[in-house]
Amino acid sequence: MEAVIIFVALLALLLLRTPVAFTLGGIGIVLLALKGFPLVAVPQRLHGAMDSFELLAVPMFLLMSNILLNGGVGRDLYSAVQSWVGHWPGGLSVATVISCTLFSAISGSSVATAATIGTVAIPEMSQRGYDKSFVYGMLAAGGTLGILIPPSIPLIIYGMITESSIPTLFLAGIGPGLFLASAFIFYGMLFSRFSGAYQPMAKASWRERSRNSLLALPTITLAVAIVGSIYTGIATPSESAGLGFVIALIMTFAMGRMNWTKLKQAVEKSLRTSVMVLIIVASAKVFSYAITLYLIPQSISSFLTENISNPSLFILAVGIVLLIMGFFLESLSMLLIMVPVLLPAVLDTGIDPIWFGIFFVVLIETALITPPVGMNLFVIQAVARARLQEVAKGAMPFALIMLGMAVLLWFWKDLALYIPYGLAH
């Protein structure tokens with residue numbers, strides 16, 4: 001009964017548009033007070049949640065991605081990819097997804113990926129006659145690769161919550177991320193081919209390809225430095241994020257793309273986003289502590305394992321719940337609310353927590369492009385100055401592809417687990 005009351009209170013406050021941090025922290029404090037637990041634990045939990053070396057990677061990756069965004073490196077990356085694949089059927093859609101994939105390997109942020117590539121790709125594809133709704137939907141979906149392909153901010157936070165290895169989670173995200181990008185490319189080529197709503201491009205000359213690739217080389221080098229330093233064990237994710245920030249800063253200043261005004265804007269934007277993320281994380285820690293003292297995760301775990309002993313049915317139930325929650329909550333909130341509750345049941349059911357992390361992220365990726373609170377929909381709407389309905393319409397086929405990906409992950413677990421457990425060993 002207590003679990004039901006807490007859930008209703010949580011849902012009611014969120015529907016009243018109470019900020020997620022205040023909702024989680026407020027309910028956590030009330031729960032502790034009602035049971036007579038000392039409230040001195042609240043500031044301790046708030047401080048403990050943010051006093052984490054692993055969490056340091058989040059503001060550093062955000063700062064790096066905003067510097068790259070303000071430095072305009074997305075145009076170089078997009079032009080380079082376009083020169084190689086632009087003459088293919090639906091070539092600009094292919095270039096868009098590949099550019100999103102490459103930028104995802106730098107930023108770790110869905111919003112930064114969608115905004116960076118969107119500012120370049122939308123005008124290019126619109127001039128070439130591509131269906132606008134399709135363009136908006138592809139960019140919204142392509143941006144979601146930023147939280148699956150490593151380095152991924154949600155995977156960092158998931159690793160903190162579950163005490164899983166973050167490098168292992170990053171490795172597990174590679175296979176599904178590349179497979180999902182390939183599925184987007186395949187759909188984009190089919191749509192372009194059968195709709196005929198695009199103007200084919202001439203094949204770029206080798207000279208043009210070389211010039212554009214040379215301009216994009218610093219960005220690709222940055223991606224290799226970040227990912228390579230993590231997987232070779234040279235640096236932790238936090239150290240890699242710091243390294244990426246320094247390289248991005250030097251690179252953009254050296255290319256003449258950065259000045260003190262743009263740097264100030266990048267720092268201010270990163271600061272606002274970092275504070276928002278850290279406050280939500282800290283409040284979720286208080287909420288998680290409170291419901292643990294009430295034995296709610298254990299009760300839910302016992303209920304699920306007693307009534308849903310089949311792992312397939314358990315995953316199906318989790319998927320349905322996450323899809324419903326995705327209509328009301330953004331991805332980080334879903335992660336921080338649901339993982340502490342579901343984790344005991346995941347372990348009791350014998351499901352690999354690394355695999356579950358990837359499955360979970362694919363589903364919250366889907367929430368990023370489903371109305372009414374799909375964050376990437378709003379990002380593309382703002383970049384393109386389009387109607388939200390037009391963006392959401394174009395994103396629906398990609399949302400279905402992502403749901404198909406979640407189903408495939410269940411039947412083909414090695415898609416996520418082969419690289420960290422097979423290939424890496």
# chains A, B, ... in the order shown; residues from 1 in each chain; ligands from 1
$ residues_around --residues "Leu217 in chain A" --least-positions-apart "3" --cutoff "12 Å" --atoms "only C-alpha atoms" --output "PyMOL selection string"
chain A and resi 73-74+76-81+102+209-214+220-224+251+255
$ residues_around --residues "Thr273 in chain A" --least-positions-apart "6" --cutoff "12 Å" --atoms "only C-alpha atoms" --output "list in words"
Val58, Pro59, Met60, Phe61, Leu62, Leu63, Ser65, Asn66, Ser109, Val111, Ala112, Ala266, Val267, Ile279 and Ile280 of chain A
$ residues_around --residues "range 159-171 of chain A" --least-positions-apart "6" --cutoff "6 Å" --atoms "only C-alpha atoms" --output "mmCIF file with N, CA and C atoms, in the first residue's frame"
data_model
loop_
_atom_site.group_PDB
_atom_site.id
_atom_site.type_symbol
_atom_site.label_atom_id
_atom_site.label_comp_id
_atom_site.auth_asym_id
_atom_site.auth_seq_id
_atom_site.Cartn_x
_atom_site.Cartn_y
_atom_site.Cartn_z
ATOM 1 N N PRO A 150 29.243 4.899 -26.842
ATOM 2 C CA PRO A 150 30.105 5.495 -25.816
ATOM 3 C C PRO A 150 30.946 6.651 -26.378
ATOM 4 N N ILE A 354 24.740 -5.648 -16.907
ATOM 5 C CA ILE A 354 25.341 -4.919 -18.031
ATOM 6 C C ILE A 354 24.380 -4.939 -19.219
ATOM 7 N N PRO A 420 32.146 -6.848 -24.791
ATOM 8 C CA PRO A 420 32.795 -6.779 -23.467
ATOM 9 C C PRO A 420 33.218 -8.128 -22.911
#
$ closest_residue --among "A:Asp414, A:Glu239, A:Glu330, A:Asp348" --to "Val373 in chain A" --atoms "only C-alpha atoms"
A:Glu330
$ closest_atom_pairs --of "range 189-275 of chain A" --to "range 92-100 of chain A" --cutoff "9 Å" --atoms "only C-alpha atoms" --output "Markdown table"
| residue | atom | partner | partner_atom | distance |
| --- | --- | --- | --- | --- |
| A:Met189 | CA | A:Ser93 | CA | 7.2 |
| A:Ser192 | CA | A:Ser93 | CA | 8.2 |
| A:Met201 | CA | A:Leu92 | CA | 8.7 |
$ closest_residue --among "A:Pro200, A:Pro123, A:Gly108, A:Pro19" --to "Val227 in chain A" --atoms "only C-alpha atoms"
A:Gly108
$ residues_around --residues "Arg387 in chain A" --least-positions-apart "6" --cutoff "10 Å" --atoms "only C-alpha atoms" --output "list in words"
Ser133, Leu377, Phe378, Ile380 and Gln381 of chain A
$ select_by_dssp --residues "range 177-333 of chain A" --states "helix (DSSP H, G or I)" --output "ChimeraX atom specification"
/A:177-195,206-231,237-254,260-293,296-307,311-325,331-333
$ closest_residue --among "A:Leu16, A:Leu243, A:Leu415, A:Leu293" --to "Ile358 in chain A" --atoms "only C-alpha atoms"
A:Leu415
